[in-house]
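What follows is the content of coords_8.csv (CSV, N, CA and C atoms).
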chain,number,residue,atom,x,y,z
A,1,MET,N,123.5,180.0,86.3
A,1,MET,CA,124.9,180.0,85.9
A,1,MET,C,125.4,178.6,85.9
A,2,VAL,N,126.2,178.2,84.9
A,2,VAL,CA,126.8,176.9,84.9
A,2,VAL,C,128.3,177.2,85.0
A,3,TRP,N,128.9,176.5,86.0
A,3,TRP,CA,130.4,176.6,86.2
A,3,TRP,C,131.0,175.3,86.0
A,4,ALA,N,131.8,175.1,85.0
A,4,ALA,CA,132.5,173.8,84.7
A,4,ALA,C,133.9,174.0,85.1
A,5,SER,N,134.4,173.0,85.9
A,5,SER,CA,135.8,173.1,86.4
A,5,SER,C,136.2,171.8,87.0
A,6,ASP,N,137.5,171.6,87.2
A,6,ASP,CA,137.9,170.4,88.0
A,6,ASP,C,137.7,170.7,89.5
A,7,PHE,N,137.5,171.9,89.9
A,7,PHE,CA,137.3,172.3,91.3
A,7,PHE,C,138.4,171.8,92.2
A,8,LEU,N,139.7,171.8,91.7
A,8,LEU,CA,140.8,171.4,92.5
A,8,LEU,C,141.5,172.6,93.1
A,9,GLN,N,141.0,173.8,93.0
A,9,GLN,CA,141.6,174.9,93.6
A,9,GLN,C,141.4,174.8,95.1
A,10,PRO,N,142.1,175.6,95.9
A,10,PRO,CA,141.9,175.6,97.3
A,10,PRO,C,140.4,175.9,97.6
A,11,LEU,N,139.9,175.2,98.6
A,11,LEU,CA,138.4,175.3,98.9
A,11,LEU,C,138.0,176.7,99.3
A,12,ASP,N,138.9,177.4,100.0
A,12,ASP,CA,138.5,178.8,100.4
A,12,ASP,C,138.3,179.7,99.2
A,13,GLU,N,139.1,179.5,98.1
A,13,GLU,CA,138.9,180.2,96.9
A,13,GLU,C,137.6,179.9,96.2
A,14,ILE,N,137.3,178.6,96.1
A,14,ILE,CA,136.1,178.2,95.5
A,14,ILE,C,134.9,178.8,96.2
A,15,GLU,N,134.9,178.7,97.6
A,15,GLU,CA,133.9,179.1,98.4
A,15,GLU,C,133.6,180.6,98.2
A,16,ALA,N,134.7,181.4,98.2
A,16,ALA,CA,134.6,182.9,98.0
A,16,ALA,C,133.9,183.2,96.7
A,17,HIS,N,134.3,182.5,95.6
A,17,HIS,CA,133.7,182.8,94.3
A,17,HIS,C,132.2,182.4,94.3
A,18,MET,N,131.9,181.2,94.9
A,18,MET,CA,130.5,180.8,94.9
A,18,MET,C,129.7,181.7,95.7
A,19,LYS,N,130.1,182.1,96.9
A,19,LYS,CA,129.3,183.0,97.8
A,19,LYS,C,129.1,184.4,97.1
A,20,SER,N,130.1,184.9,96.5
A,20,SER,CA,130.0,186.1,95.8
A,20,SER,C,128.9,186.1,94.7
A,21,LEU,N,129.0,185.0,93.9
A,21,LEU,CA,127.9,184.8,92.9
A,21,LEU,C,126.6,184.6,93.5
A,22,ALA,N,126.5,183.8,94.5
A,22,ALA,CA,125.2,183.5,95.2
A,22,ALA,C,124.6,184.8,95.8
A,23,TYR,N,125.4,185.6,96.4
A,23,TYR,CA,124.9,186.8,97.0
A,23,TYR,C,124.5,187.8,96.0
A,24,SER,N,125.0,187.7,94.8
A,24,SER,CA,124.5,188.6,93.7
A,24,SER,C,123.3,188.1,93.1
A,25,GLY,N,122.7,187.0,93.6
A,25,GLY,CA,121.5,186.5,93.1
A,25,GLY,C,121.6,185.3,92.1
A,26,ALA,N,122.8,184.9,91.8
A,26,ALA,CA,123.0,183.8,90.8
A,26,ALA,C,122.6,182.4,91.4
A,27,HIS,N,121.9,181.6,90.6
A,27,HIS,CA,121.7,180.2,91.0
A,27,HIS,C,122.7,179.4,90.2
A,28,GLY,N,123.4,178.5,90.8
A,28,GLY,CA,124.5,177.8,90.1
A,28,GLY,C,124.3,176.3,89.9
A,29,TYR,N,124.9,175.9,88.9
A,29,TYR,CA,125.1,174.5,88.5
A,29,TYR,C,126.6,174.2,88.4
A,30,LEU,N,127.1,173.4,89.3
A,30,LEU,CA,128.6,173.1,89.2
A,30,LEU,C,128.7,171.8,88.5
A,31,VAL,N,129.6,171.8,87.5
A,31,VAL,CA,129.9,170.6,86.7
A,31,VAL,C,131.4,170.3,86.9
A,32,GLN,N,131.7,169.3,87.8
A,32,GLN,CA,133.1,169.0,88.0
A,32,GLN,C,133.5,168.0,86.9
A,33,ILE,N,134.5,168.4,86.2
A,33,ILE,CA,135.1,167.6,85.1
A,33,ILE,C,136.4,167.0,85.6
A,34,ILE,N,136.4,165.7,85.6
A,34,ILE,CA,137.4,164.9,86.3
A,34,ILE,C,138.2,164.1,85.3
A,35,ASP,N,139.5,164.2,85.3
A,35,ASP,CA,140.3,163.2,84.5
A,35,ASP,C,140.4,162.0,85.4
A,36,PRO,N,140.2,160.8,84.8
A,36,PRO,CA,140.2,159.6,85.6
A,36,PRO,C,141.5,159.4,86.4
A,37,ALA,N,142.6,159.8,85.8
A,37,ALA,CA,143.9,159.7,86.6
A,37,ALA,C,143.9,160.5,87.8
A,38,GLU,N,143.3,161.7,87.8
A,38,GLU,CA,143.2,162.5,88.9
A,38,GLU,C,142.4,161.9,90.0
A,39,GLU,N,141.3,161.2,89.6
A,39,GLU,CA,140.4,160.6,90.6
A,39,GLU,C,140.9,159.3,91.1
A,40,ASP,N,141.4,158.4,90.2
A,40,ASP,CA,141.8,157.1,90.5
A,40,ASP,C,143.2,156.9,91.1
A,41,PHE,N,144.1,157.8,90.7
A,41,PHE,CA,145.5,157.8,91.0
A,41,PHE,C,146.1,156.4,90.7
A,42,PRO,N,146.2,156.0,89.4
A,42,PRO,CA,146.6,154.7,89.1
A,42,PRO,C,148.1,154.5,89.0
A,43,PHE,N,148.9,155.4,89.5
A,43,PHE,CA,150.3,155.5,89.3
A,43,PHE,C,151.0,154.4,90.1
A,44,MET,N,152.1,153.9,89.6
A,44,MET,CA,152.9,152.9,90.2
A,44,MET,C,154.4,153.3,90.0
A,45,GLY,N,155.2,152.9,91.0
A,45,GLY,CA,156.6,153.2,90.9
A,45,GLY,C,157.0,154.6,90.9
A,46,ARG,N,158.1,154.9,90.4
A,46,ARG,CA,158.6,156.3,90.3
A,46,ARG,C,157.8,157.2,89.4
A,47,ALA,N,157.3,158.3,89.9
A,47,ALA,CA,156.4,159.1,89.1
A,47,ALA,C,156.7,160.6,89.3
A,48,ARG,N,156.7,161.3,88.2
A,48,ARG,CA,157.0,162.8,88.3
A,48,ARG,C,155.7,163.5,87.9
A,49,PHE,N,155.3,164.4,88.8
A,49,PHE,CA,154.1,165.2,88.6
A,49,PHE,C,154.5,166.6,88.4
A,50,GLU,N,154.1,167.2,87.3
A,50,GLU,CA,154.4,168.6,87.0
A,50,GLU,C,153.2,169.5,86.9
A,51,ALA,N,153.3,170.7,87.4
A,51,ALA,CA,152.2,171.7,87.3
A,51,ALA,C,152.7,172.8,86.3
A,52,HIS,N,152.2,173.9,86.4
A,52,HIS,CA,152.5,175.0,85.5
A,52,HIS,C,153.9,175.5,85.6
A,53,THR,N,154.5,175.4,86.7
A,53,THR,CA,155.9,175.9,86.9
A,53,THR,C,156.8,174.8,87.4
A,54,ILE,N,158.1,174.9,87.2
A,54,ILE,CA,159.0,173.9,87.6
A,54,ILE,C,159.0,173.8,89.1
A,55,ARG,N,158.6,174.9,89.9
A,55,ARG,CA,158.6,174.8,91.3
A,55,ARG,C,157.5,173.8,91.8
A,56,ASP,N,156.5,173.6,90.9
A,56,ASP,CA,155.4,172.7,91.3
A,56,ASP,C,155.6,171.3,90.9
A,57,THR,N,156.9,170.8,90.7
A,57,THR,CA,157.2,169.5,90.3
A,57,THR,C,157.3,168.6,91.6
A,58,THR,N,156.7,167.5,91.6
A,58,THR,CA,156.8,166.5,92.7
A,58,THR,C,157.3,165.2,92.1
A,59,ILE,N,158.3,164.6,92.7
A,59,ILE,CA,158.7,163.2,92.3
A,59,ILE,C,158.5,162.3,93.5
A,60,LEU,N,157.8,161.2,93.2
A,60,LEU,CA,157.5,160.2,94.2
A,60,LEU,C,158.3,158.9,93.8
A,61,GLY,N,159.0,158.3,94.8
A,61,GLY,CA,159.7,157.1,94.5
A,61,GLY,C,158.8,155.9,94.3
A,62,ARG,N,157.7,155.8,95.1
A,62,ARG,CA,156.8,154.7,94.9
A,62,ARG,C,155.4,155.4,95.0
A,63,ALA,N,154.9,155.8,93.9
A,63,ALA,CA,153.6,156.5,93.9
A,63,ALA,C,152.5,155.7,94.6
A,64,GLU,N,152.5,154.4,94.4
A,64,GLU,CA,151.4,153.6,95.0
A,64,GLU,C,151.3,153.7,96.5
A,65,MET,N,152.4,154.2,97.2
A,65,MET,CA,152.4,154.3,98.6
A,65,MET,C,151.5,155.5,99.1
A,66,VAL,N,151.3,156.4,98.3
A,66,VAL,CA,150.4,157.6,98.7
A,66,VAL,C,149.0,157.5,98.2
A,67,ARG,N,148.7,156.4,97.4
A,67,ARG,CA,147.4,156.3,96.8
A,67,ARG,C,146.2,156.5,97.8
A,68,THR,N,146.3,155.8,98.9
A,68,THR,CA,145.2,155.8,99.9
A,68,THR,C,145.0,157.2,100.4
A,69,SER,N,146.1,157.8,100.9
A,69,SER,CA,145.9,159.2,101.4
A,69,SER,C,145.5,160.2,100.4
A,70,TYR,N,146.0,160.0,99.2
A,70,TYR,CA,145.6,160.9,98.1
A,70,TYR,C,144.1,160.8,97.8
A,71,ARG,N,143.6,159.6,97.7
A,71,ARG,CA,142.2,159.3,97.5
A,71,ARG,C,141.3,159.9,98.6
A,72,GLN,N,141.8,159.8,99.8
A,72,GLN,CA,141.0,160.3,101.0
A,72,GLN,C,140.9,161.8,100.9
A,73,ARG,N,142.1,162.5,100.6
A,73,ARG,CA,142.1,164.0,100.4
A,73,ARG,C,141.3,164.4,99.2
A,74,TYR,N,141.4,163.7,98.1
A,74,TYR,CA,140.7,164.0,96.9
A,74,TYR,C,139.1,163.9,97.1
A,75,ASP,N,138.7,162.8,97.7
A,75,ASP,CA,137.3,162.6,98.0
A,75,ASP,C,136.8,163.6,99.0
A,76,ALA,N,137.5,163.9,100.0
A,76,ALA,CA,137.1,164.9,101.0
A,76,ALA,C,136.9,166.3,100.4
A,77,HIS,N,137.8,166.7,99.5
A,77,HIS,CA,137.8,168.0,98.8
A,77,HIS,C,136.5,168.0,97.9
A,78,ALA,N,136.3,167.0,97.1
A,78,ALA,CA,135.1,166.9,96.3
A,78,ALA,C,133.8,167.0,97.1
A,79,GLU,N,133.8,166.3,98.2
A,79,GLU,CA,132.6,166.3,99.1
A,79,GLU,C,132.4,167.7,99.7
A,80,ALA,N,133.4,168.4,100.0
A,80,ALA,CA,133.3,169.7,100.6
A,80,ALA,C,132.7,170.7,99.5
A,81,VAL,N,133.2,170.5,98.3
A,81,VAL,CA,132.6,171.4,97.2
A,81,VAL,C,131.1,171.1,97.0
A,82,LYS,N,130.8,169.8,97.0
A,82,LYS,CA,129.4,169.4,96.8
A,82,LYS,C,128.6,169.9,98.0
A,83,GLU,N,129.1,169.8,99.2
A,83,GLU,CA,128.3,170.3,100.4
A,83,GLU,C,128.1,171.8,100.3
A,84,LEU,N,129.1,172.5,99.9
A,84,LEU,CA,129.0,174.0,99.8
A,84,LEU,C,127.9,174.3,98.7
A,85,ALA,N,127.9,173.6,97.6
A,85,ALA,CA,126.9,173.8,96.6
A,85,ALA,C,125.5,173.6,97.2
A,86,ARG,N,125.4,172.5,98.0
A,86,ARG,CA,124.1,172.1,98.6
A,86,ARG,C,123.6,173.2,99.5
A,87,ARG,N,124.6,173.7,100.3
A,87,ARG,CA,124.2,174.8,101.3
A,87,ARG,C,123.7,176.1,100.6
A,88,LEU,N,124.2,176.3,99.4
A,88,LEU,CA,123.8,177.5,98.7
A,88,LEU,C,122.6,177.3,97.8
A,89,GLY,N,122.1,176.0,97.8
A,89,GLY,CA,121.0,175.7,97.0
A,89,GLY,C,121.3,175.4,95.5
A,90,TRP,N,122.6,175.2,95.3
A,90,TRP,CA,123.1,174.9,93.9
A,90,TRP,C,123.1,173.4,93.6
A,91,VAL,N,123.3,173.1,92.4
A,91,VAL,CA,123.3,171.7,91.9
A,91,VAL,C,124.8,171.4,91.6
A,92,PHE,N,125.2,170.2,92.1
A,92,PHE,CA,126.6,169.7,91.8
A,92,PHE,C,126.5,168.4,91.0
A,93,LEU,N,127.2,168.4,89.9
A,93,LEU,CA,127.3,167.3,89.0
A,93,LEU,C,128.7,166.9,88.8
A,94,ARG,N,129.0,165.6,88.5
A,94,ARG,CA,130.4,165.2,88.2
A,94,ARG,C,130.4,164.5,86.9
A,95,HIS,N,131.5,164.8,86.2
A,95,HIS,CA,131.7,164.1,84.9
A,95,HIS,C,133.1,163.7,84.7
A,96,ARG,N,133.3,162.4,84.4
A,96,ARG,CA,134.7,161.9,84.1
A,96,ARG,C,134.9,162.0,82.6
A,97,THR,N,136.2,162.3,82.2
A,97,THR,CA,136.5,162.5,80.8
A,97,THR,C,136.6,161.2,80.1
A,98,ASP,N,136.5,160.1,80.8
A,98,ASP,CA,136.5,158.8,80.1
A,98,ASP,C,135.1,158.4,79.7
A,99,ARG,N,134.1,159.2,79.9
A,99,ARG,CA,132.7,159.0,79.5
A,99,ARG,C,132.4,160.0,78.4
A,100,PRO,N,131.4,159.7,77.6
A,100,PRO,CA,131.0,160.6,76.6
A,100,PRO,C,130.5,161.9,77.2
A,101,PRO,N,130.9,163.1,76.5
A,101,PRO,CA,130.5,164.4,77.1
A,101,PRO,C,129.0,164.5,77.1
A,102,GLY,N,128.3,163.8,76.2
A,102,GLY,CA,126.8,163.9,76.2
A,102,GLY,C,126.2,163.5,77.5
A,103,THR,N,126.8,162.6,78.3
A,103,THR,CA,126.2,162.2,79.5
A,103,THR,C,126.2,163.4,80.5
A,104,ALA,N,127.2,164.2,80.5
A,104,ALA,CA,127.2,165.4,81.4
A,104,ALA,C,126.1,166.4,80.9
A,105,LEU,N,126.0,166.6,79.6
A,105,LEU,CA,125.0,167.5,79.1
A,105,LEU,C,123.6,167.1,79.4
A,106,ILE,N,123.4,165.8,79.3
A,106,ILE,CA,122.0,165.2,79.6
A,106,ILE,C,121.7,165.5,81.1
A,107,ALA,N,122.7,165.2,82.0
A,107,ALA,CA,122.5,165.4,83.4
A,107,ALA,C,122.2,166.9,83.7
A,108,LEU,N,123.0,167.7,83.1
A,108,LEU,CA,122.8,169.2,83.2
A,108,LEU,C,121.5,169.6,82.7
A,109,TYR,N,121.1,169.1,81.6
A,109,TYR,CA,119.8,169.5,81.0
A,109,TYR,C,118.6,169.0,82.0
A,110,GLY,N,118.8,167.8,82.5
A,110,GLY,CA,117.8,167.3,83.5
A,110,GLY,C,117.7,168.2,84.7
A,111,ALA,N,118.9,168.6,85.2
A,111,ALA,CA,118.9,169.5,86.4
A,111,ALA,C,118.3,170.8,86.1
A,112,LEU,N,118.6,171.4,85.0
A,112,LEU,CA,118.0,172.6,84.6
A,112,LEU,C,116.5,172.5,84.4
A,113,GLY,N,116.0,171.4,83.8
A,113,GLY,CA,114.6,171.2,83.7
A,113,GLY,C,113.9,171.0,85.0
A,114,GLY,N,114.5,170.4,86.0
A,114,GLY,CA,114.0,170.2,87.3
A,114,GLY,C,113.8,171.6,88.0
A,115,ALA,N,114.8,172.4,87.8
A,115,ALA,CA,114.8,173.8,88.4
A,115,ALA,C,113.6,174.6,87.8
A,116,ARG,N,113.5,174.5,86.5
A,116,ARG,CA,112.4,175.2,85.9
A,116,ARG,C,111.0,174.7,86.4
A,117,ALA,N,110.9,173.4,86.5
A,117,ALA,CA,109.6,172.8,87.0
A,117,ALA,C,109.3,173.3,88.5
A,118,GLN,N,110.4,173.4,89.3
A,118,GLN,CA,110.2,173.8,90.7
A,118,GLN,C,109.9,175.3,90.7
A,119,ARG,N,110.4,176.1,89.8
A,119,ARG,CA,110.1,177.5,89.8
A,119,ARG,C,108.9,177.9,89.0
A,120,GLY,N,108.3,176.9,88.4
A,120,GLY,CA,107.1,177.2,87.6
A,120,GLY,C,107.3,177.8,86.2
A,121,PHE,N,108.4,177.6,85.6
A,121,PHE,CA,108.7,178.1,84.3
A,121,PHE,C,108.1,177.2,83.3
Could I get this file's structure written as structure tokens?
Amino acid sequence: MVWASDFLQPLDEIEAHMKSLAYSGAHGYLVQIIDPAEEDFPFMGRARFEAHTIRDTTILGRAEMVRTSYRQRYDAHAEAVKELARRLGWVFLRHRTDRPPGTALIALYGALGGARAQRGF
């Protein structure tokens, strides 16, 4: 099974879905698709961040002041998803949208080929 997402949902939700799939016998390949702005947090000055609803709007007076803590939380979350995948025997790949999509497909193809070789396909 290939699951492509930004994997920015709460970790407990991701874990529950992954474990449910794993316990049903699925072997997974996670492809985290990342917008560079989400990963790098290049924002400066006053910035407004909006989600799906108006309740999810955040305004920062000086966005650069939260960059370090944001990056630490972002990296820790991504590492936790990667570690969960590893514990389940799944493959975790990352792809940034500022790179050609073919690079993600080549990495996925290579991972799938490695799995086939290990299983004797």
Selection: 12 Å around region 61-76 of chain A, only C-alpha atoms, excl. self and same-chain fewer than 2 positions, as an mmCIF file with N, CA and C atoms, in the coordinates of the input:
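Generated output (result-v4.cif):
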data_model
loop_
_atom_site.group_PDB
_atom_site.id
_atom_site.type_symbol
_atom_site.label_atom_id
_atom_site.label_comp_id
_atom_site.auth_asym_id
_atom_site.auth_seq_id
_atom_site.Cartn_x
_atom_site.Cartn_y
_atom_site.Cartn_z
ATOM 1 N N ASP A 6 137.500 171.600 87.200
ATOM 2 C CA ASP A 6 137.900 170.400 88.000
ATOM 3 C C ASP A 6 137.700 170.700 89.500
ATOM 4 N N PHE A 7 137.500 171.900 89.900
ATOM 5 C CA PHE A 7 137.300 172.300 91.300
ATOM 6 C C PHE A 7 138.400 171.800 92.200
ATOM 7 N N LEU A 8 139.700 171.800 91.700
ATOM 8 C CA LEU A 8 140.800 171.400 92.500
ATOM 9 C C LEU A 8 141.500 172.600 93.100
ATOM 10 N N GLN A 9 141.000 173.800 93.000
ATOM 11 C CA GLN A 9 141.600 174.900 93.600
ATOM 12 C C GLN A 9 141.400 174.800 95.100
ATOM 13 N N PRO A 10 142.100 175.600 95.900
ATOM 14 C CA PRO A 10 141.900 175.600 97.300
ATOM 15 C C PRO A 10 140.400 175.900 97.600
ATOM 16 N N LEU A 11 139.900 175.200 98.600
ATOM 17 C CA LEU A 11 138.400 175.300 98.900
ATOM 18 C C LEU A 11 138.000 176.700 99.300
ATOM 19 N N ILE A 34 136.400 165.700 85.600
ATOM 20 C CA ILE A 34 137.400 164.900 86.300
ATOM 21 C C ILE A 34 138.200 164.100 85.300
ATOM 22 N N ALA A 37 142.600 159.800 85.800
ATOM 23 C CA ALA A 37 143.900 159.700 86.600
ATOM 24 C C ALA A 37 143.900 160.500 87.800
ATOM 25 N N GLU A 38 143.300 161.700 87.800
ATOM 26 C CA GLU A 38 143.200 162.500 88.900
ATOM 27 C C GLU A 38 142.400 161.900 90.000
ATOM 28 N N GLU A 39 141.300 161.200 89.600
ATOM 29 C CA GLU A 39 140.400 160.600 90.600
ATOM 30 C C GLU A 39 140.900 159.300 91.100
ATOM 31 N N ASP A 40 141.400 158.400 90.200
ATOM 32 C CA ASP A 40 141.800 157.100 90.500
ATOM 33 C C ASP A 40 143.200 156.900 91.100
ATOM 34 N N PHE A 41 144.100 157.800 90.700
ATOM 35 C CA PHE A 41 145.500 157.800 91.000
ATOM 36 C C PHE A 41 146.100 156.400 90.700
ATOM 37 N N PRO A 42 146.200 156.000 89.400
ATOM 38 C CA PRO A 42 146.600 154.700 89.100
ATOM 39 C C PRO A 42 148.100 154.500 89.000
ATOM 40 N N PHE A 43 148.900 155.400 89.500
ATOM 41 C CA PHE A 43 150.300 155.500 89.300
ATOM 42 C C PHE A 43 151.000 154.400 90.100
ATOM 43 N N MET A 44 152.100 153.900 89.600
ATOM 44 C CA MET A 44 152.900 152.900 90.200
ATOM 45 C C MET A 44 154.400 153.300 90.000
ATOM 46 N N GLY A 45 155.200 152.900 91.000
ATOM 47 C CA GLY A 45 156.600 153.200 90.900
ATOM 48 C C GLY A 45 157.000 154.600 90.900
ATOM 49 N N ARG A 46 158.100 154.900 90.400
ATOM 50 C CA ARG A 46 158.600 156.300 90.300
ATOM 51 C C ARG A 46 157.800 157.200 89.400
ATOM 52 N N ALA A 47 157.300 158.300 89.900
ATOM 53 C CA ALA A 47 156.400 159.100 89.100
ATOM 54 C C ALA A 47 156.700 160.600 89.300
ATOM 55 N N ARG A 48 156.700 161.300 88.200
ATOM 56 C CA ARG A 48 157.000 162.800 88.300
ATOM 57 C C ARG A 48 155.700 163.500 87.900
ATOM 58 N N PHE A 49 155.300 164.400 88.800
ATOM 59 C CA PHE A 49 154.100 165.200 88.600
ATOM 60 C C PHE A 49 154.500 166.600 88.400
ATOM 61 N N THR A 58 156.700 167.500 91.600
ATOM 62 C CA THR A 58 156.800 166.500 92.700
ATOM 63 C C THR A 58 157.300 165.200 92.100
ATOM 64 N N ILE A 59 158.300 164.600 92.700
ATOM 65 C CA ILE A 59 158.700 163.200 92.300
ATOM 66 C C ILE A 59 158.500 162.300 93.500
ATOM 67 N N ALA A 78 136.300 167.000 97.100
ATOM 68 C CA ALA A 78 135.100 166.900 96.300
ATOM 69 C C ALA A 78 133.800 167.000 97.100
ATOM 70 N N GLU A 79 133.800 166.300 98.200
ATOM 71 C CA GLU A 79 132.600 166.300 99.100
ATOM 72 C C GLU A 79 132.400 167.700 99.700
ATOM 73 N N ALA A 80 133.400 168.400 100.000
ATOM 74 C CA ALA A 80 133.300 169.700 100.600
ATOM 75 C C ALA A 80 132.700 170.700 99.500
ATOM 76 N N VAL A 81 133.200 170.500 98.300
ATOM 77 C CA VAL A 81 132.600 171.400 97.200
ATOM 78 C C VAL A 81 131.100 171.100 97.000
ATOM 79 N N LYS A 82 130.800 169.800 97.000
ATOM 80 C CA LYS A 82 129.400 169.400 96.800
ATOM 81 C C LYS A 82 128.600 169.900 98.000
ATOM 82 N N GLU A 83 129.100 169.800 99.200
ATOM 83 C CA GLU A 83 128.300 170.300 100.400
ATOM 84 C C GLU A 83 128.100 171.800 100.300
#
* **Who sits within 7 Å of region 94-102 of chain A, only C-alpha atoms, same chain under 6 positions skipped, as a ChimeraX atom specification** => /A:31-36
Output as a compact mmCIF listing (two decimals) with N, CA and C atoms, in the frame of the given file all residues of region 4-92 of chain A that backbone DSSP marks as alpha helix (DSSP H).
# COMPACT_ATOMS: atom_id res chain seq x y z
N LEU A 11 139.90 175.20 98.60
CA LEU A 11 138.40 175.30 98.90
C LEU A 11 138.00 176.70 99.30
N ASP A 12 138.90 177.40 100.00
CA ASP A 12 138.50 178.80 100.40
C ASP A 12 138.30 179.70 99.20
N GLU A 13 139.10 179.50 98.10
CA GLU A 13 138.90 180.20 96.90
C GLU A 13 137.60 179.90 96.20
N ILE A 14 137.30 178.60 96.10
CA ILE A 14 136.10 178.20 95.50
C ILE A 14 134.90 178.80 96.20
N GLU A 15 134.90 178.70 97.60
CA GLU A 15 133.90 179.10 98.40
C GLU A 15 133.60 180.60 98.20
N ALA A 16 134.70 181.40 98.20
CA ALA A 16 134.60 182.90 98.00
C ALA A 16 133.90 183.20 96.70
N HIS A 17 134.30 182.50 95.60
CA HIS A 17 133.70 182.80 94.30
C HIS A 17 132.20 182.40 94.30
N MET A 18 131.90 181.20 94.90
CA MET A 18 130.50 180.80 94.90
C MET A 18 129.70 181.70 95.70
N LYS A 19 130.10 182.10 96.90
CA LYS A 19 129.30 183.00 97.80
C LYS A 19 129.10 184.40 97.10
N SER A 20 130.10 184.90 96.50
CA SER A 20 130.00 186.10 95.80
C SER A 20 128.90 186.10 94.70
N LEU A 21 129.00 185.00 93.90
CA LEU A 21 127.90 184.80 92.90
C LEU A 21 126.60 184.60 93.50
N ALA A 22 126.50 183.80 94.50
CA ALA A 22 125.20 183.50 95.20
C ALA A 22 124.60 184.80 95.80
N TYR A 23 125.40 185.60 96.40
CA TYR A 23 124.90 186.80 97.00
C TYR A 23 124.50 187.80 96.00
N PRO A 36 140.20 160.80 84.80
CA PRO A 36 140.20 159.60 85.60
C PRO A 36 141.50 159.40 86.40
N ALA A 37 142.60 159.80 85.80
CA ALA A 37 143.90 159.70 86.60
C ALA A 37 143.90 160.50 87.80
N GLU A 38 143.30 161.70 87.80
CA GLU A 38 143.20 162.50 88.90
C GLU A 38 142.40 161.90 90.00
N GLU A 39 141.30 161.20 89.60
CA GLU A 39 140.40 160.60 90.60
C GLU A 39 140.90 159.30 91.10
N ASP A 40 141.40 158.40 90.20
CA ASP A 40 141.80 157.10 90.50
C ASP A 40 143.20 156.90 91.10
N ARG A 67 148.70 156.40 97.40
CA ARG A 67 147.40 156.30 96.80
C ARG A 67 146.20 156.50 97.80
N THR A 68 146.30 155.80 98.90
CA THR A 68 145.20 155.80 99.90
C THR A 68 145.00 157.20 100.40
N SER A 69 146.10 157.80 100.90
CA SER A 69 145.90 159.20 101.40
C SER A 69 145.50 160.20 100.40
N TYR A 70 146.00 160.00 99.20
CA TYR A 70 145.60 160.90 98.10
C TYR A 70 144.10 160.80 97.80
N ARG A 71 143.60 159.60 97.70
CA ARG A 71 142.20 159.30 97.50
C ARG A 71 141.30 159.90 98.60
N GLN A 72 141.80 159.80 99.80
CA GLN A 72 141.00 160.30 101.00
C GLN A 72 140.90 161.80 100.90
N ARG A 73 142.10 162.50 100.60
CA ARG A 73 142.10 164.00 100.40
C ARG A 73 141.30 164.40 99.20
N TYR A 74 141.40 163.70 98.10
CA TYR A 74 140.70 164.00 96.90
C TYR A 74 139.10 163.90 97.10
N ASP A 75 138.70 162.80 97.70
CA ASP A 75 137.30 162.60 98.00
C ASP A 75 136.80 163.60 99.00
N ALA A 76 137.50 163.90 100.00
CA ALA A 76 137.10 164.90 101.00
C ALA A 76 136.90 166.30 100.40
N HIS A 77 137.80 166.70 99.50
CA HIS A 77 137.80 168.00 98.80
C HIS A 77 136.50 168.00 97.90
N ALA A 78 136.30 167.00 97.10
CA ALA A 78 135.10 166.90 96.30
C ALA A 78 133.80 167.00 97.10
N GLU A 79 133.80 166.30 98.20
CA GLU A 79 132.60 166.30 99.10
C GLU A 79 132.40 167.70 99.70
N ALA A 80 133.40 168.40 100.00
CA ALA A 80 133.30 169.70 100.60
C ALA A 80 132.70 170.70 99.50
N VAL A 81 133.20 170.50 98.30
CA VAL A 81 132.60 171.40 97.20
C VAL A 81 131.10 171.10 97.00
N LYS A 82 130.80 169.80 97.00
CA LYS A 82 129.40 169.40 96.80
C LYS A 82 128.60 169.90 98.00
N GLU A 83 129.10 169.80 99.20
CA GLU A 83 128.30 170.30 100.40
C GLU A 83 128.10 171.80 100.30
N LEU A 84 129.10 172.50 99.90
CA LEU A 84 129.00 174.00 99.80
C LEU A 84 127.90 174.30 98.70
N ALA A 85 127.90 173.60 97.60
CA ALA A 85 126.90 173.80 96.60
C ALA A 85 125.50 173.60 97.20
N ARG A 86 125.40 172.50 98.00
CA ARG A 86 124.10 172.10 98.60
C ARG A 86 123.60 173.20 99.50
N ARG A 87 124.60 173.70 100.30
CA ARG A 87 124.20 174.80 101.30
C ARG A 87 123.70 176.10 100.60
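Distances here use all atoms listed in the file; by that measure, the residue among A:Ala51, A:Ala22, A:Leu60, A:Ala111 closest to Val91 (chain A) is A:Ala111.
In this structure, atom N of Met1 (chain A) sits 17.2 Å away from atom C of Glu13 (chain A).
Computed from the coordinates, the CA of Gly28 (chain A) to CA of Ala107 (chain A) distance equals 14.2 Å.
Going from atom N of Tyr23 (chain A) over to atom N of Arg86 (chain A), you cover 13.2 Å.
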Step by step, gather every atom of region 60-77 of chain A that the file lists, find the box along x, y and z that holds them, add 3 Å on each side, and finally give centre and edge lengths in Å to one decimal, as JSON.
{"center_x": 148.1, "center_y": 160.8, "center_z": 97.3, "size_x": 29.2, "size_y": 20.4, "size_z": 14.2}
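The smallest atom-to-atom distance between Arg87 (chain A) and any of A:Met18, A:Ala26, A:Leu112, A:Ala104, using only C-alpha atoms, is found for A:Met18.
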